[in-house]
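So the structure is just underneath, and the comments pick up after that.
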Amino acid sequence: MEFQLNEMFKHQFTVTLDIYNHFQMCSNDRNPLHTDEEFARAKGFPEKVMYGNILNAFVSYFIGECLPTKNVIIHSQEIAFKNPVFMNEKLDFEAHVSGVFEAVNAIEFKYKFIKPDGKIAAKGLIQIGLLK
Amino acid sequence: MKRAEIISQLNEIFEDIIDEGSVSLSETSTSNDVDGWDSLAHIQLIVAIEKTFNIKFSSDEILSWNNVGEMIDCILKK
């Protein structure tokens with residue numbers, strides 16, 4: 001098995017303007033919380049809130065591009081949003097192997113995105129399969 | 001743990017993973033008897049069973065099962 005229990009992976013992600021624009025085009029979600037600075041401020045945020053599901057796309061990148069093997073497929077992906085993310089914030093991504101299921105060639109990761117102030121932006125669980 | 005307790009927990013796991021309503025497993029149940037018990041669900045089921053019972057299966061063990069009763073036999077041996 002290529003993965004060891006508790007093995008840690010780290011990466012850094014930033015929600016840039018380019019990523020924000022591409023995600024908006026892809027999702028077609030123009031809710032004012034994500035697009036209108038005044039609306040976001042009226043709701044108590046300092047600026048417009050980035051789409052939480054951009055972080056899901058980062059998870060996709062992590063699984064598809066950052067692991068030591070490309071022979072992977074995502075079985076399931078869970079995310080819980082804890083704190084809002086804003087444009088150009090650098091997010092430290094940490095994932096560790098929380099389960100190795102050799103009988104079915106599956107690996108489970110627990111992950112979190114950490115904001116510059118140390119708060120958790122989001123955390124969750126991913127299960128992948130290792131393709132033969 | 002008694003077989004009846006295990007099968008009760010397996011019913012809960014299957015209902016959660018397969019998500020197609022109530023599941024009522026018996027010792028002779030096979031994947032042909034449970035709607036939604038396909039190959040991907042099977043992986044999720046094994047992962048959930050290992051986590052729930054805090055056990056590990058080998059691939060040989062899984063391949064040897066012919067029905068739920070044999071799965072329970074394997075769980076009881078752990």
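By order in the structure tokens, chains are A, B, ...; within a chain, residues start at 1; ligands start at 1, following the order shown.
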Please return as a ChimeraX atom specification: the residues of segment 4-122 of chain A that backbone DSSP assigns to strand (DSSP E). /A:8-14,72-81,90-101,106-114,120-122
Store the residues of this selection in a file with N, CA and C atoms, as a short mmCIF file (atom, residue, chain, number, x, y, z; two decimals), in the first residue's frame.
data_model
loop_
_atom_site.label_atom_id
_atom_site.label_comp_id
_atom_site.auth_asym_id
_atom_site.auth_seq_id
_atom_site.Cartn_x
_atom_site.Cartn_y
_atom_site.Cartn_z
N MET A 8 1.22 12.65 6.42
CA MET A 8 0.71 14.02 6.28
C MET A 8 1.07 14.61 4.93
N PHE A 9 0.16 15.36 4.37
CA PHE A 9 0.40 16.09 3.12
C PHE A 9 0.02 17.54 3.34
N LYS A 10 0.82 18.44 2.79
CA LYS A 10 0.53 19.87 2.95
C LYS A 10 0.62 20.58 1.60
N HIS A 11 -0.16 21.61 1.47
CA HIS A 11 -0.13 22.41 0.26
C HIS A 11 -0.67 23.80 0.64
N GLN A 12 -0.40 24.77 -0.20
CA GLN A 12 -0.97 26.10 0.05
C GLN A 12 -1.81 26.51 -1.15
N PHE A 13 -2.99 27.04 -0.85
CA PHE A 13 -3.90 27.48 -1.90
C PHE A 13 -4.27 28.94 -1.65
N THR A 14 -4.59 29.64 -2.73
CA THR A 14 -5.09 31.02 -2.64
C THR A 14 -6.26 31.17 -3.59
N VAL A 72 -5.73 7.21 -8.83
CA VAL A 72 -6.69 7.50 -7.75
C VAL A 72 -8.04 7.87 -8.33
N ILE A 73 -9.06 7.61 -7.55
CA ILE A 73 -10.42 8.04 -7.89
C ILE A 73 -11.11 8.43 -6.58
N ILE A 74 -11.84 9.52 -6.61
CA ILE A 74 -12.52 9.95 -5.40
C ILE A 74 -13.82 9.17 -5.23
N HIS A 75 -13.95 8.54 -4.07
CA HIS A 75 -15.21 7.83 -3.75
C HIS A 75 -16.21 8.77 -3.08
N SER A 76 -15.71 9.56 -2.14
CA SER A 76 -16.60 10.47 -1.42
C SER A 76 -15.79 11.63 -0.88
N GLN A 77 -16.47 12.73 -0.69
CA GLN A 77 -15.80 13.95 -0.23
C GLN A 77 -16.80 14.73 0.61
N GLU A 78 -16.39 15.01 1.85
CA GLU A 78 -17.27 15.78 2.74
C GLU A 78 -16.54 17.04 3.17
N ILE A 79 -17.31 18.10 3.34
CA ILE A 79 -16.70 19.35 3.77
C ILE A 79 -17.64 20.08 4.72
N ALA A 80 -17.07 20.69 5.73
CA ALA A 80 -17.83 21.54 6.65
C ALA A 80 -17.15 22.90 6.66
N PHE A 81 -17.90 23.93 6.37
CA PHE A 81 -17.35 25.28 6.34
C PHE A 81 -17.41 25.90 7.72
N LYS A 90 -4.27 33.39 1.78
CA LYS A 90 -3.48 32.17 1.61
C LYS A 90 -3.98 31.13 2.61
N LEU A 91 -4.36 29.99 2.10
CA LEU A 91 -4.90 28.93 2.95
C LEU A 91 -3.90 27.78 3.02
N ASP A 92 -3.53 27.42 4.23
CA ASP A 92 -2.68 26.24 4.40
C ASP A 92 -3.58 25.01 4.44
N PHE A 93 -3.31 24.09 3.55
CA PHE A 93 -4.09 22.86 3.47
C PHE A 93 -3.28 21.73 4.09
N GLU A 94 -3.89 21.03 5.01
CA GLU A 94 -3.24 19.88 5.63
C GLU A 94 -4.17 18.68 5.56
N ALA A 95 -3.63 17.58 5.10
CA ALA A 95 -4.42 16.34 5.04
C ALA A 95 -3.57 15.21 5.60
N HIS A 96 -4.18 14.38 6.40
CA HIS A 96 -3.45 13.20 6.85
C HIS A 96 -4.26 11.94 6.59
N VAL A 97 -3.54 10.85 6.41
CA VAL A 97 -4.20 9.58 6.14
C VAL A 97 -4.85 9.10 7.44
N SER A 98 -6.16 9.04 7.44
CA SER A 98 -6.88 8.66 8.66
C SER A 98 -7.42 7.24 8.60
N GLY A 99 -7.30 6.63 7.43
CA GLY A 99 -7.74 5.24 7.32
C GLY A 99 -7.12 4.58 6.10
N VAL A 100 -6.65 3.36 6.29
CA VAL A 100 -6.12 2.56 5.18
C VAL A 100 -6.94 1.28 5.13
N PHE A 101 -7.61 1.05 4.02
CA PHE A 101 -8.51 -0.10 3.89
C PHE A 101 -8.00 -0.98 2.75
N ALA A 106 -8.72 1.26 -0.54
CA ALA A 106 -9.27 2.59 -0.28
C ALA A 106 -8.46 3.29 0.80
N ILE A 107 -8.39 4.60 0.67
CA ILE A 107 -7.66 5.43 1.62
C ILE A 107 -8.59 6.55 2.06
N GLU A 108 -8.55 6.87 3.33
CA GLU A 108 -9.35 7.99 3.85
C GLU A 108 -8.41 9.08 4.36
N PHE A 109 -8.74 10.31 4.02
CA PHE A 109 -7.98 11.47 4.51
C PHE A 109 -8.89 12.35 5.35
N LYS A 110 -8.34 12.89 6.43
CA LYS A 110 -8.98 14.01 7.12
C LYS A 110 -8.19 15.25 6.72
N TYR A 111 -8.90 16.31 6.40
CA TYR A 111 -8.19 17.49 5.93
C TYR A 111 -8.76 18.75 6.55
N LYS A 112 -7.97 19.80 6.47
CA LYS A 112 -8.46 21.11 6.90
C LYS A 112 -7.75 22.20 6.12
N PHE A 113 -8.47 23.30 5.93
CA PHE A 113 -7.90 24.51 5.35
C PHE A 113 -7.75 25.52 6.50
N ILE A 114 -6.56 26.07 6.65
CA ILE A 114 -6.30 26.99 7.76
C ILE A 114 -6.06 28.39 7.21
N ILE A 120 -9.79 27.74 11.33
CA ILE A 120 -10.11 26.73 10.33
C ILE A 120 -11.14 27.32 9.36
N ALA A 121 -10.83 27.31 8.09
CA ALA A 121 -11.80 27.75 7.07
C ALA A 121 -12.78 26.63 6.77
N ALA A 122 -12.27 25.43 6.67
CA ALA A 122 -13.12 24.27 6.37
C ALA A 122 -12.35 23.01 6.73
#
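What chain B places within 6 Å of chain A, counting only C-alpha atoms, is Ile43, Phe57, Ser58 and Ser59 of chain B.
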Can you work out which one of B:Lys78, B:His42, B:Ser31, B:Asn54 has the shortest atom-to-atom distance to Asn66 of chain B, counting only C-alpha atoms? B:Ser31
Nearby residues (only C-alpha atoms) at most 12 Å from Ile75 of chain B, same-chain spacing under 3 positions excluded, as a PyMOL selection string: chain B and resi 1-3+5-7+9-10+46+49-58+61-62+65+68-72+78
Kindly save the residues from that selection, with N, CA and C atoms included, as a PDB file, in the first residue's frame.
ATOM      1  N   MET B   1     -20.012 -10.511  21.059  1.00  0.00           N
ATOM      2  CA  MET B   1     -21.175  -9.950  20.369  1.00  0.00           C
ATOM      3  C   MET B   1     -21.954 -11.060  19.659  1.00  0.00           C
ATOM      4  N   LYS B   2     -23.268 -11.003  19.795  1.00  0.00           N
ATOM      5  CA  LYS B   2     -24.098 -12.051  19.197  1.00  0.00           C
ATOM      6  C   LYS B   2     -24.382 -11.747  17.725  1.00  0.00           C
ATOM      7  N   ARG B   3     -24.708 -12.787  16.997  1.00  0.00           N
ATOM      8  CA  ARG B   3     -24.955 -12.635  15.559  1.00  0.00           C
ATOM      9  C   ARG B   3     -26.107 -11.655  15.309  1.00  0.00           C
ATOM     10  N   GLU B   5     -26.981  -9.121  17.060  1.00  0.00           N
ATOM     11  CA  GLU B   5     -26.512  -7.732  17.241  1.00  0.00           C
ATOM     12  C   GLU B   5     -25.724  -7.284  16.025  1.00  0.00           C
ATOM     13  N   ILE B   6     -24.903  -8.180  15.507  1.00  0.00           N
ATOM     14  CA  ILE B   6     -24.096  -7.816  14.334  1.00  0.00           C
ATOM     15  C   ILE B   6     -24.998  -7.538  13.139  1.00  0.00           C
ATOM     16  N   ILE B   7     -25.968  -8.393  12.933  1.00  0.00           N
ATOM     17  CA  ILE B   7     -26.836  -8.207  11.764  1.00  0.00           C
ATOM     18  C   ILE B   7     -27.663  -6.930  11.911  1.00  0.00           C
ATOM     19  N   GLN B   9     -26.564  -4.193  13.408  1.00  0.00           N
ATOM     20  CA  GLN B   9     -25.647  -3.105  13.065  1.00  0.00           C
ATOM     21  C   GLN B   9     -25.380  -3.075  11.563  1.00  0.00           C
ATOM     22  N   LEU B  10     -25.299  -4.259  10.965  1.00  0.00           N
ATOM     23  CA  LEU B  10     -25.087  -4.304   9.511  1.00  0.00           C
ATOM     24  C   LEU B  10     -26.274  -3.677   8.778  1.00  0.00           C
ATOM     25  N   ILE B  46     -17.576  -2.073   3.116  1.00  0.00           N
ATOM     26  CA  ILE B  46     -16.432  -2.684   3.804  1.00  0.00           C
ATOM     27  C   ILE B  46     -15.729  -1.656   4.686  1.00  0.00           C
ATOM     28  N   ILE B  49     -17.911  -1.007   7.692  1.00  0.00           N
ATOM     29  CA  ILE B  49     -17.922  -2.153   8.620  1.00  0.00           C
ATOM     30  C   ILE B  49     -16.608  -2.210   9.390  1.00  0.00           C
ATOM     31  N   GLU B  50     -15.498  -2.024   8.686  1.00  0.00           N
ATOM     32  CA  GLU B  50     -14.197  -2.021   9.372  1.00  0.00           C
ATOM     33  C   GLU B  50     -14.152  -0.932  10.451  1.00  0.00           C
ATOM     34  N   LYS B  51     -14.672   0.243  10.112  1.00  0.00           N
ATOM     35  CA  LYS B  51     -14.628   1.346  11.081  1.00  0.00           C
ATOM     36  C   LYS B  51     -15.567   1.081  12.257  1.00  0.00           C
ATOM     37  N   THR B  52     -16.768   0.587  11.957  1.00  0.00           N
ATOM     38  CA  THR B  52     -17.755   0.365  13.013  1.00  0.00           C
ATOM     39  C   THR B  52     -17.287  -0.684  14.016  1.00  0.00           C
ATOM     40  N   PHE B  53     -16.748  -1.785  13.501  1.00  0.00           N
ATOM     41  CA  PHE B  53     -16.351  -2.883  14.383  1.00  0.00           C
ATOM     42  C   PHE B  53     -14.869  -2.810  14.775  1.00  0.00           C
ATOM     43  N   ASN B  54     -14.184  -1.781  14.249  1.00  0.00           N
ATOM     44  CA  ASN B  54     -12.754  -1.596  14.524  1.00  0.00           C
ATOM     45  C   ASN B  54     -11.952  -2.862  14.202  1.00  0.00           C
ATOM     46  N   ILE B  55     -12.155  -3.339  12.995  1.00  0.00           N
ATOM     47  CA  ILE B  55     -11.472  -4.547  12.531  1.00  0.00           C
ATOM     48  C   ILE B  55     -10.924  -4.282  11.134  1.00  0.00           C
ATOM     49  N   LYS B  56     -10.081  -5.192  10.655  1.00  0.00           N
ATOM     50  CA  LYS B  56      -9.561  -5.119   9.287  1.00  0.00           C
ATOM     51  C   LYS B  56      -9.793  -6.451   8.597  1.00  0.00           C
ATOM     52  N   PHE B  57     -10.258  -6.373   7.368  1.00  0.00           N
ATOM     53  CA  PHE B  57     -10.397  -7.576   6.548  1.00  0.00           C
ATOM     54  C   PHE B  57      -9.227  -7.652   5.580  1.00  0.00           C
ATOM     55  N   SER B  58      -8.998  -8.843   5.066  1.00  0.00           N
ATOM     56  CA  SER B  58      -8.076  -8.980   3.932  1.00  0.00           C
ATOM     57  C   SER B  58      -8.917  -9.133   2.676  1.00  0.00           C
ATOM     58  N   GLU B  61     -10.335 -12.588   2.409  1.00  0.00           N
ATOM     59  CA  GLU B  61     -11.530 -12.830   3.226  1.00  0.00           C
ATOM     60  C   GLU B  61     -12.787 -12.327   2.507  1.00  0.00           C
ATOM     61  N   ILE B  62     -12.683 -11.129   1.997  1.00  0.00           N
ATOM     62  CA  ILE B  62     -13.861 -10.544   1.343  1.00  0.00           C
ATOM     63  C   ILE B  62     -14.292 -11.390   0.138  1.00  0.00           C
ATOM     64  N   TRP B  65     -16.460 -14.620   0.856  1.00  0.00           N
ATOM     65  CA  TRP B  65     -17.829 -14.595   1.369  1.00  0.00           C
ATOM     66  C   TRP B  65     -18.832 -14.903   0.263  1.00  0.00           C
ATOM     67  N   VAL B  68     -24.161 -12.903   3.583  1.00  0.00           N
ATOM     68  CA  VAL B  68     -23.979 -12.082   4.794  1.00  0.00           C
ATOM     69  C   VAL B  68     -23.579 -12.954   5.992  1.00  0.00           C
ATOM     70  N   GLY B  69     -24.098 -14.156   6.056  1.00  0.00           N
ATOM     71  CA  GLY B  69     -23.742 -15.057   7.163  1.00  0.00           C
ATOM     72  C   GLY B  69     -22.244 -15.300   7.224  1.00  0.00           C
ATOM     73  N   GLU B  70     -21.618 -15.452   6.065  1.00  0.00           N
ATOM     74  CA  GLU B  70     -20.164 -15.685   6.048  1.00  0.00           C
ATOM     75  C   GLU B  70     -19.414 -14.398   6.409  1.00  0.00           C
ATOM     76  N   MET B  71     -20.008 -13.270   6.056  1.00  0.00           N
ATOM     77  CA  MET B  71     -19.421 -11.997   6.494  1.00  0.00           C
ATOM     78  C   MET B  71     -19.455 -11.923   8.027  1.00  0.00           C
ATOM     79  N   ILE B  72     -20.560 -12.316   8.614  1.00  0.00           N
ATOM     80  CA  ILE B  72     -20.691 -12.289  10.077  1.00  0.00           C
ATOM     81  C   ILE B  72     -19.705 -13.267  10.728  1.00  0.00           C
ATOM     82  N   LYS B  78     -12.732 -11.945  14.399  1.00  0.00           N
ATOM     83  CA  LYS B  78     -11.754 -10.857  14.598  1.00  0.00           C
ATOM     84  C   LYS B  78     -11.576 -10.556  16.093  1.00  0.00           C
TER      85      LYS B  78
END
Find the distance between atom CA of Ile17 of chain B and atom CA of Lys70 of chain A and write it in Å to one decimal. 26.5 Å
Any idea what's packed within 7 Å of segment 18-21 of chain B, counting only C-alpha atoms, ignoring anything in its chain fewer than 5 positions away? Could you give it as a list in words? Gly36, Trp37 and Ala41 of chain B
Put those residues in a file: N, CA and C atoms, as a tab-separated table (two decimals), in the first residue's frame.
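Full text of result_16.tsv as output:
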chain	number	residue	atom	x	y	z
B	36	GLY	N	-29.07	-1.77	-4.83
B	36	GLY	CA	-28.04	-0.77	-4.60
B	36	GLY	C	-26.72	-1.32	-4.10
B	37	TRP	N	-26.66	-2.62	-3.82
B	37	TRP	CA	-25.40	-3.22	-3.35
B	37	TRP	C	-24.55	-3.55	-4.57
B	41	ALA	N	-20.71	0.54	-3.86
B	41	ALA	CA	-21.32	0.45	-2.53
B	41	ALA	C	-20.58	-0.58	-1.68
Chain B: residues DSSP assigns to alpha helix (DSSP H), reported as a PyMOL selection string: chain B and resi 3-18+39-53+59-64+68-77
